[in-house]
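Asks: Sharing entry34.pdb (PDB, C-alpha atoms) below.
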```
ATOM      1  CA  MET A 279     328.314  23.854-187.073  1.00  0.00           C
ATOM      2  CA  LEU A 280     326.130  23.332-190.114  1.00  0.00           C
ATOM      3  CA  TRP A 281     324.835  19.921-189.057  1.00  0.00           C
ATOM      4  CA  ILE A 282     323.321  21.355-185.870  1.00  0.00           C
ATOM      5  CA  VAL A 283     321.404  23.920-187.905  1.00  0.00           C
ATOM      6  CA  MET A 284     320.225  21.232-190.343  1.00  0.00           C
ATOM      7  CA  VAL A 285     319.058  18.907-187.565  1.00  0.00           C
ATOM      8  CA  SER A 286     317.323  21.820-185.833  1.00  0.00           C
ATOM      9  CA  TRP A 287     315.399  22.698-188.990  1.00  0.00           C
ATOM     10  CA  LEU A 288     314.548  19.041-189.563  1.00  0.00           C
ATOM     11  CA  ALA A 289     313.025  18.905-186.054  1.00  0.00           C
ATOM     12  CA  ARG A 290     310.964  21.999-186.873  1.00  0.00           C
ATOM     13  CA  LEU A 291     309.893  20.428-190.148  1.00  0.00           C
ATOM     14  CA  ILE A 292     308.661  17.399-188.185  1.00  0.00           C
ATOM     15  CA  PHE A 293     306.608  19.742-185.999  1.00  0.00           C
ATOM     16  CA  VAL A 294     304.971  21.256-189.102  1.00  0.00           C
ATOM     17  CA  LEU A 295     304.320  17.743-190.435  1.00  0.00           C
ATOM     18  CA  LEU A 296     302.644  16.754-187.167  1.00  0.00           C
ATOM     19  CA  VAL A 297     300.427  19.854-187.264  1.00  0.00           C
ATOM     20  CA  ALA A 298     299.385  18.970-190.832  1.00  0.00           C
ATOM     21  CA  LEU A 299     298.681  15.353-189.842  1.00  0.00           C
ATOM     22  CA  SER A 300     296.613  16.591-186.910  1.00  0.00           C
ATOM     23  CA  ILE A 301     294.478  18.718-189.215  1.00  0.00           C
ATOM     24  CA  TRP A 302     294.051  15.755-191.590  1.00  0.00           C
ATOM     25  CA  SER A 303     293.034  13.481-188.721  1.00  0.00           C
ATOM     26  CA  ILE A 304     290.506  15.955-187.322  1.00  0.00           C
ATOM     27  CA  THR A 305     289.044  16.488-190.798  1.00  0.00           C
ATOM     28  CA  ILE A 306     288.477  12.750-191.225  1.00  0.00           C
ATOM     29  CA  ILE A 307     287.003  12.430-187.720  1.00  0.00           C
ATOM     30  CA  LEU A 308     284.539  15.274-188.310  1.00  0.00           C
ATOM     31  CA  GLU A 309     283.536  13.912-191.726  1.00  0.00           C
ATOM     32  CA  ARG A 310     282.964  10.398-190.336  1.00  0.00           C
ATOM     33  CA  ARG A 311     281.004  11.823-187.404  1.00  0.00           C
ATOM     34  CA  THR A 312     278.686  13.648-189.809  1.00  0.00           C
ATOM     35  CA  TYR A 313     278.342  10.540-191.971  1.00  0.00           C
ATOM     36  CA  PHE A 314     277.413   8.231-189.089  1.00  0.00           C
ATOM     37  CA  LYS A 315     274.970  10.753-187.617  1.00  0.00           C
ATOM     38  CA  LYS A 316     272.956  10.586-190.861  1.00  0.00           C
ATOM     39  CA  ILE A 317     272.665   6.789-190.833  1.00  0.00           C
ATOM     40  CA  LYS A 318     269.286   5.514-189.713  1.00  0.00           C
ATOM     41  CA  VAL A 319     269.290   2.055-188.181  1.00  0.00           C
ATOM     42  CA  ALA A 320     266.319  -0.237-187.736  1.00  0.00           C
ATOM     43  CA  ASP A 321     264.426   0.069-184.505  1.00  0.00           C
ATOM     44  CA  SER A 322     262.569  -2.719-182.741  1.00  0.00           C
ATOM     45  CA  SER A 323     259.198  -1.647-184.206  1.00  0.00           C
ATOM     46  CA  LEU A 324     260.494  -2.286-187.713  1.00  0.00           C
ATOM     47  CA  LYS A 325     261.679  -5.741-186.676  1.00  0.00           C
ATOM     48  CA  GLN A 326     258.258  -6.414-185.141  1.00  0.00           C
ATOM     49  CA  LYS A 327     256.561  -5.424-188.403  1.00  0.00           C
ATOM     50  CA  ILE A 328     258.768  -7.865-190.310  1.00  0.00           C
ATOM     51  CA  ARG A 329     257.909 -10.636-187.835  1.00  0.00           C
ATOM     52  CA  ALA A 330     254.252  -9.813-188.397  1.00  0.00           C
ATOM     53  CA  GLY A 331     254.712 -10.339-192.134  1.00  0.00           C
ATOM     54  CA  ASP A 332     254.765  -6.660-193.145  1.00  0.00           C
ATOM     55  CA  LEU A 333     257.832  -6.896-195.387  1.00  0.00           C
ATOM     56  CA  LYS A 334     256.872  -3.770-197.340  1.00  0.00           C
ATOM     57  CA  SER A 335     257.511  -1.655-194.249  1.00  0.00           C
ATOM     58  CA  LEU A 336     261.201  -2.522-194.531  1.00  0.00           C
ATOM     59  CA  ALA A 337     261.446  -1.272-198.103  1.00  0.00           C
ATOM     60  CA  SER A 338     259.468   1.890-197.385  1.00  0.00           C
ATOM     61  CA  SER A 339     261.184   2.859-194.123  1.00  0.00           C
ATOM     62  CA  ASP A 340     263.842   5.541-193.722  1.00  0.00           C
ATOM     63  CA  HIS A 341     266.333   2.851-192.699  1.00  0.00           C
ATOM     64  CA  GLU A 342     269.825   3.101-194.237  1.00  0.00           C
ATOM     65  CA  PHE A 343     269.324  -0.061-196.303  1.00  0.00           C
ATOM     66  CA  ALA A 344     265.679   0.492-197.337  1.00  0.00           C
ATOM     67  CA  ALA A 345     266.557   0.916-201.028  1.00  0.00           C
ATOM     68  CA  PHE A 346     268.317  -2.434-200.964  1.00  0.00           C
ATOM     69  CA  TYR A 347     265.242  -4.210-199.598  1.00  0.00           C
ATOM     70  CA  GLN A 348     263.071  -2.501-202.167  1.00  0.00           C
ATOM     71  CA  GLU A 349     265.430  -3.766-204.873  1.00  0.00           C
ATOM     72  CA  ILE A 350     265.494  -7.376-203.682  1.00  0.00           C
ATOM     73  CA  SER A 351     261.733  -7.650-203.167  1.00  0.00           C
ATOM     74  CA  ALA A 352     261.464  -9.006-206.714  1.00  0.00           C
ATOM     75  CA  PHE A 353     263.980 -11.801-206.092  1.00  0.00           C
ATOM     76  CA  LYS A 354     262.496 -15.257-205.800  1.00  0.00           C
ATOM     77  CA  SER A 355     265.279 -17.377-204.349  1.00  0.00           C
ATOM     78  CA  THR A 356     267.063 -17.055-201.047  1.00  0.00           C
ATOM     79  CA  GLU A 357     270.352 -17.554-202.880  1.00  0.00           C
ATOM     80  CA  GLN A 358     269.724 -14.437-204.997  1.00  0.00           C
ATOM     81  CA  ILE A 359     268.960 -12.429-201.887  1.00  0.00           C
ATOM     82  CA  GLU A 360     272.109 -13.692-200.138  1.00  0.00           C
ATOM     83  CA  ARG A 361     274.311 -12.820-203.125  1.00  0.00           C
ATOM     84  CA  ALA A 362     272.774  -9.389-203.530  1.00  0.00           C
ATOM     85  CA  PHE A 363     273.135  -8.793-199.796  1.00  0.00           C
ATOM     86  CA  ASP A 364     276.822  -9.751-199.861  1.00  0.00           C
ATOM     87  CA  ALA A 365     277.522  -7.421-202.801  1.00  0.00           C
ATOM     88  CA  PHE A 366     275.565  -4.568-201.235  1.00  0.00           C
ATOM     89  CA  THR A 367     277.250  -5.067-197.861  1.00  0.00           C
ATOM     90  CA  GLN A 368     280.720  -4.947-199.416  1.00  0.00           C
ATOM     91  CA  ASP A 369     279.896  -1.652-201.128  1.00  0.00           C
ATOM     92  CA  LYS A 370     278.424  -0.232-197.924  1.00  0.00           C
ATOM     93  CA  ARG A 371     281.424  -1.412-195.887  1.00  0.00           C
ATOM     94  CA  LYS A 372     283.788   0.478-198.206  1.00  0.00           C
ATOM     95  CA  GLU A 373     281.664   3.589-197.800  1.00  0.00           C
ATOM     96  CA  MET A 374     281.501   3.265-194.015  1.00  0.00           C
ATOM     97  CA  GLU A 375     285.193   2.546-193.536  1.00  0.00           C
ATOM     98  CA  LYS A 376     286.356   5.438-195.719  1.00  0.00           C
ATOM     99  CA  GLY A 377     289.211   7.214-193.941  1.00  0.00           C
ATOM    100  CA  LEU A 378     289.498   4.643-191.156  1.00  0.00           C
ATOM    101  CA  PRO A 379     292.765   3.113-192.437  1.00  0.00           C
ATOM    102  CA  ILE A 380     294.268   6.607-192.407  1.00  0.00           C
ATOM    103  CA  LEU A 381     293.164   7.147-188.803  1.00  0.00           C
ATOM    104  CA  GLY A 382     294.626   3.775-187.839  1.00  0.00           C
ATOM    105  CA  THR A 383     297.914   4.576-189.548  1.00  0.00           C
ATOM    106  CA  LEU A 384     298.126   8.028-187.959  1.00  0.00           C
ATOM    107  CA  GLY A 385     297.316   6.563-184.566  1.00  0.00           C
ATOM    108  CA  SER A 386     300.120   4.056-184.793  1.00  0.00           C
ATOM    109  CA  THR A 387     302.842   6.112-186.491  1.00  0.00           C
ATOM    110  CA  THR A 388     302.617   9.692-185.241  1.00  0.00           C
ATOM    111  CA  PRO A 389     304.037   8.895-181.778  1.00  0.00           C
ATOM    112  CA  PHE A 390     307.129   7.591-183.549  1.00  0.00           C
ATOM    113  CA  ILE A 391     307.337  10.669-185.761  1.00  0.00           C
ATOM    114  CA  GLY A 392     307.143  12.805-182.610  1.00  0.00           C
ATOM    115  CA  LEU A 393     309.813  10.642-181.001  1.00  0.00           C
ATOM    116  CA  LEU A 394     312.056  11.150-184.030  1.00  0.00           C
ATOM    117  CA  GLY A 395     311.646  14.906-183.602  1.00  0.00           C
ATOM    118  CA  THR A 396     312.517  14.566-179.922  1.00  0.00           C
ATOM    119  CA  VAL A 397     315.678  12.639-180.721  1.00  0.00           C
ATOM    120  CA  LEU A 398     316.688  15.292-183.255  1.00  0.00           C
ATOM    121  CA  GLY A 399     316.024  18.044-180.705  1.00  0.00           C
ATOM    122  CA  ILE A 400     318.173  16.264-178.109  1.00  0.00           C
ATOM    123  CA  ILE A 401     320.944  15.928-180.688  1.00  0.00           C
ATOM    124  CA  VAL A 402     320.786  19.692-181.190  1.00  0.00           C
ATOM    125  CA  SER A 403     320.990  20.227-177.411  1.00  0.00           C
ATOM    126  CA  PHE A 404     324.040  17.991-177.083  1.00  0.00           C
ATOM    127  CA  GLY A 405     325.601  19.653-180.110  1.00  0.00           C
ATOM    128  CA  GLU A 406     325.252  23.047-178.436  1.00  0.00           C
ATOM    129  CA  LEU A 407     326.725  21.667-175.226  1.00  0.00           C
ATOM    130  CA  SER A 408     329.665  20.065-177.027  1.00  0.00           C
ATOM    131  CA  GLN A 409     330.547  23.341-178.705  1.00  0.00           C
ATOM    132  CA  GLY A 410     330.338  25.230-175.467  1.00  0.00           C
ATOM    133  CA  SER A 411     328.213  27.786-177.274  1.00  0.00           C
ATOM    134  CA  GLY A 412     324.964  27.025-175.488  1.00  0.00           C
ATOM    135  CA  SER A 413     324.011  28.590-172.215  1.00  0.00           C
ATOM    136  CA  THR A 414     321.988  26.590-169.724  1.00  0.00           C
ATOM    137  CA  ASN A 415     318.856  28.432-170.760  1.00  0.00           C
ATOM    138  CA  SER A 416     319.299  27.728-174.485  1.00  0.00           C
ATOM    139  CA  VAL A 417     320.044  24.050-173.838  1.00  0.00           C
ATOM    140  CA  MET A 418     316.978  23.743-171.589  1.00  0.00           C
ATOM    141  CA  PHE A 419     314.872  25.509-174.216  1.00  0.00           C
ATOM    142  CA  SER A 420     316.012  23.147-176.974  1.00  0.00           C
ATOM    143  CA  LEU A 421     315.303  20.137-174.722  1.00  0.00           C
ATOM    144  CA  ALA A 422     311.823  21.470-173.982  1.00  0.00           C
ATOM    145  CA  GLU A 423     311.307  22.085-177.687  1.00  0.00           C
ATOM    146  CA  ALA A 424     312.318  18.470-178.331  1.00  0.00           C
ATOM    147  CA  LEU A 425     309.837  17.139-175.789  1.00  0.00           C
ATOM    148  CA  VAL A 426     307.061  19.197-177.358  1.00  0.00           C
ATOM    149  CA  LEU A 427     307.484  17.059-180.480  1.00  0.00           C
ATOM    150  CA  THR A 428     306.759  13.884-178.519  1.00  0.00           C
ATOM    151  CA  ALA A 429     303.695  15.534-177.017  1.00  0.00           C
ATOM    152  CA  MET A 430     302.573  16.669-180.459  1.00  0.00           C
ATOM    153  CA  GLY A 431     302.897  13.117-181.781  1.00  0.00           C
ATOM    154  CA  LEU A 432     300.631  11.927-178.978  1.00  0.00           C
ATOM    155  CA  VAL A 433     298.182  14.784-179.558  1.00  0.00           C
ATOM    156  CA  VAL A 434     297.766  13.545-183.121  1.00  0.00           C
ATOM    157  CA  ALA A 435     297.681   9.840-182.247  1.00  0.00           C
ATOM    158  CA  ILE A 436     295.202   9.780-179.376  1.00  0.00           C
ATOM    159  CA  PRO A 437     292.189  11.303-181.216  1.00  0.00           C
ATOM    160  CA  ALA A 438     293.035   9.244-184.323  1.00  0.00           C
ATOM    161  CA  VAL A 439     292.958   5.985-182.350  1.00  0.00           C
ATOM    162  CA  ILE A 440     289.762   6.980-180.529  1.00  0.00           C
ATOM    163  CA  GLY A 441     288.092   7.956-183.820  1.00  0.00           C
ATOM    164  CA  PHE A 442     289.249   4.765-185.503  1.00  0.00           C
ATOM    165  CA  ASN A 443     287.821   2.620-182.698  1.00  0.00           C
ATOM    166  CA  ILE A 444     284.510   4.480-182.470  1.00  0.00           C
ATOM    167  CA  PHE A 445     283.825   4.504-186.200  1.00  0.00           C
ATOM    168  CA  SER A 446     284.955   0.902-186.703  1.00  0.00           C
ATOM    169  CA  ARG A 447     282.536  -0.159-183.972  1.00  0.00           C
ATOM    170  CA  LYS A 448     279.701   1.879-185.501  1.00  0.00           C
ATOM    171  CA  SER A 449     280.378   0.400-188.917  1.00  0.00           C
ATOM    172  CA  ARG A 450     280.279  -3.149-187.533  1.00  0.00           C
ATOM    173  CA  ALA A 451     277.080  -2.372-185.599  1.00  0.00           C
ATOM    174  CA  VAL A 452     275.272  -1.042-188.679  1.00  0.00           C
ATOM    175  CA  LEU A 453     276.360  -3.984-190.817  1.00  0.00           C
ATOM    176  CA  THR A 454     275.397  -6.483-188.099  1.00  0.00           C
ATOM    177  CA  ASP A 455     272.015  -4.800-187.712  1.00  0.00           C
ATOM    178  CA  ASN A 456     271.442  -5.117-191.434  1.00  0.00           C
ATOM    179  CA  SER A 457     272.468  -8.771-191.359  1.00  0.00           C
ATOM    180  CA  VAL A 458     269.798  -9.387-188.702  1.00  0.00           C
ATOM    181  CA  LEU A 459     267.219  -7.609-190.874  1.00  0.00           C
ATOM    182  CA  LYS A 460     268.232  -9.687-193.873  1.00  0.00           C
ATOM    183  CA  ASP A 461     267.824 -12.900-191.897  1.00  0.00           C
ATOM    184  CA  LEU A 462     264.406 -11.780-190.634  1.00  0.00           C
ATOM    185  CA  TYR A 463     263.415 -10.771-194.147  1.00  0.00           C
ATOM    186  CA  ILE A 464     264.362 -14.178-195.554  1.00  0.00           C
ATOM    187  CA  ALA A 465     262.708 -16.039-192.692  1.00  0.00           C
ATOM    188  CA  TYR A 466     259.383 -14.173-192.891  1.00  0.00           C
ATOM    189  CA  ARG A 467     259.001 -13.688-196.623  1.00  0.00           C
ATOM    190  CA  GLY A 468     257.284 -16.978-196.933  1.00  0.00           C
TER     191      GLY A 468
END
```
Could you render the structure from this file as structure tokens?

Replies:
Amino acid sequence: MLWIVMVSWLARLIFVLLVALSIWSITIILERRTYFKKIKVADSSLKQKIRAGDLKSLASSDHEFAAFYQEISAFKSTEQIERAFDAFTQDKRKEMEKGLPILGTLGSTTPFIGLLGTVLGIIVSFGELSQGSGSTNSVMFSLAEALVLTAMGLVVAIPAVIGFNIFSRKSRAVLTDNSVLKDLYIAYRG
């Protein structure tokens, strides 16, 4: 029957879609990994220098936010610094979280896409059985093919969820670290 052939090809199309989504997910994970490896965070010696009153060391360091502190050194009021910090942090957050919504979406939806492919594959198996045209081997093969789609959905989802969690945590850590530096900067600038 024609519908069995159509459902079979739809299941194969889902497999190709899952392979493409896997490649997309891995690309984002590798790009984010490279991005976060380049970020320099403040170490305890920099915080000690700020506590000692050496605020220029913050602006001249290789810290990720050094340019920001160099820019705000001319500001006189704490309110100006707070506003500039909020604006800068929002821009940095967008940069750090680039691709993370995609990883989150892939992590939550690809198991269901794989499950849809499995259901379609099982429909094909039952269609072959109902026609009496399928041997035991062909039915077992189509069932195995269907289960591969569920596995493929999980293969895409698991790294996406892990990447999403790791990079979200790193983003929060960098932004929290900078918030601590900002507070120290305001407190010790006199």

Asks: Write out as a JSON list (two decimals) with C-alpha atoms, keeping the file's coordinate frame which residues come within 9 Å of Ser446 (chain A) when counting all atoms listed in the file, dropping same-chain ones fewer than 4 positions away.

Replies:
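And here's out.json as it stands now:
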```
[["chain", "number", "residue", "atom", "x", "y", "z"],
["A", 374, "MET", "CA", 281.50, 3.26, -194.02],
["A", 375, "GLU", "CA", 285.19, 2.55, -193.54],
["A", 378, "LEU", "CA", 289.50, 4.64, -191.16],
["A", 441, "GLY", "CA", 288.09, 7.96, -183.82],
["A", 442, "PHE", "CA", 289.25, 4.76, -185.50],
["A", 450, "ARG", "CA", 280.28, -3.15, -187.53],
["A", 451, "ALA", "CA", 277.08, -2.37, -185.60]]
```

Asks: Rank nothing, just name the residue among A:Phe445, A:Phe404, A:Phe346, A:Trp281 nearest to Ala365 (chain A), using only C-alpha atoms.

Replies: A:Phe346

Asks: I'd like the interatomic distance between CA of Leu381 (chain A) and CA of Ala424 (chain A), to a tenth of an Å.

Replies: 24.6 Å

Asks: Where does the PyMOL selection byres ((chain A and resi 342) around 12) land in this file, that is, which residues does it pick, as an MDAnalysis selection string?

Replies: chainID A and resid 313:321 336:341 343:348 366:367 370 374 452:453 455:456 459

Asks: Please enumerate the residues selected by the PyMOL selection byres ((chain A and resi 395-402) around 9) when evaluated against the supplied file, formatted as a VMD selection string.

Replies: chain A and resid 281 to 283 285 to 286 288 to 293 390 to 394 403 to 407 417 420 to 428

Asks: Counting only C-alpha atoms, figure out which residue out of A:Gly431, A:Val439, A:Thr305, A:Arg447 gets nearest to Pro379 (chain A).

Replies: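 Closest to Pro379 (chain A), using only C-alpha atoms: A:Val439.
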
Asks: Determine the nearest neighbour of Asp364 (chain A) from the options A:Lys460, A:Lys448, A:Arg329, A:Arg311, counting all atoms listed in the file.

Replies: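 Checking each of A:Lys460, A:Lys448, A:Arg329, A:Arg311 against Asp364 (chain A), counting all atoms listed in the file, the winner is A:Lys460.
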
Asks: Record the distance separating CA of Ile380 (chain A) and CA of Ile444 (chain A), expressed in Å with one decimal.

Replies: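 Result for CA of Ile380 (chain A) versus CA of Ile444 (chain A): 14.1 Å, one decimal.
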
Asks: Nearest residue to Ala438 (chain A) out of A:Leu280, A:Leu308, A:Leu295, A:Leu324, using all atoms listed in the file?

Replies: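 Looking only at the distances to Ala438 (chain A), the closest residue turns out to be A:Leu308.
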
Asks: Taking all atoms listed in the file into account, which of A:Ala465, A:Val458, A:Ile307, A:Ala362 comes nearest Asn443 (chain A)?

Replies: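 Answer, going by the shortest atom-to-atom distance: A:Ile307.
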
Asks: Go ahead and fit an axis-aligned box to every listed atom of region 400-416 of chain A plus 8 Å each side, and pass me the centre and edge lengths in Å, one decimal, as AutoDock Vina command-line options.

Replies:
```
--center_x 324.4 --center_y 22.3 --center_z -175.5 --size_x 28.4 --size_y 28.7 --size_z 27.5
```

Asks: Can you work out the spacing between CA of Val433 (chain A) and CA of Trp287 (chain A) in Å, to one decimal?

Replies: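 Separating CA of Val433 (chain A) from CA of Trp287 (chain A) is a distance of 21.2 Å.
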
Asks: Of the candidates A:Thr414, A:Leu384, A:Phe419, A:Ile464, which shows the shortest atom-to-atom distance to Leu296 (chain A), using only C-alpha atoms?

Replies: A:Leu384

Asks: Can you give me, as a list in words, the residues this file yields under the PyMOL selection byres ((chain A and resi 356) around 12)?

Replies: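 Taken over the shown coordinates, the PyMOL selection byres ((chain A and resi 356) around 12) returns Ile350, Ser351, Ala352, Phe353, Lys354, Ser355, Glu357, Gln358, Ile359, Glu360, Arg361, Ala362, Phe363, Lys460, Asp461, Leu462, Tyr463, Ile464, Ala465, Tyr466, Arg467 and Gly468 of chain A.
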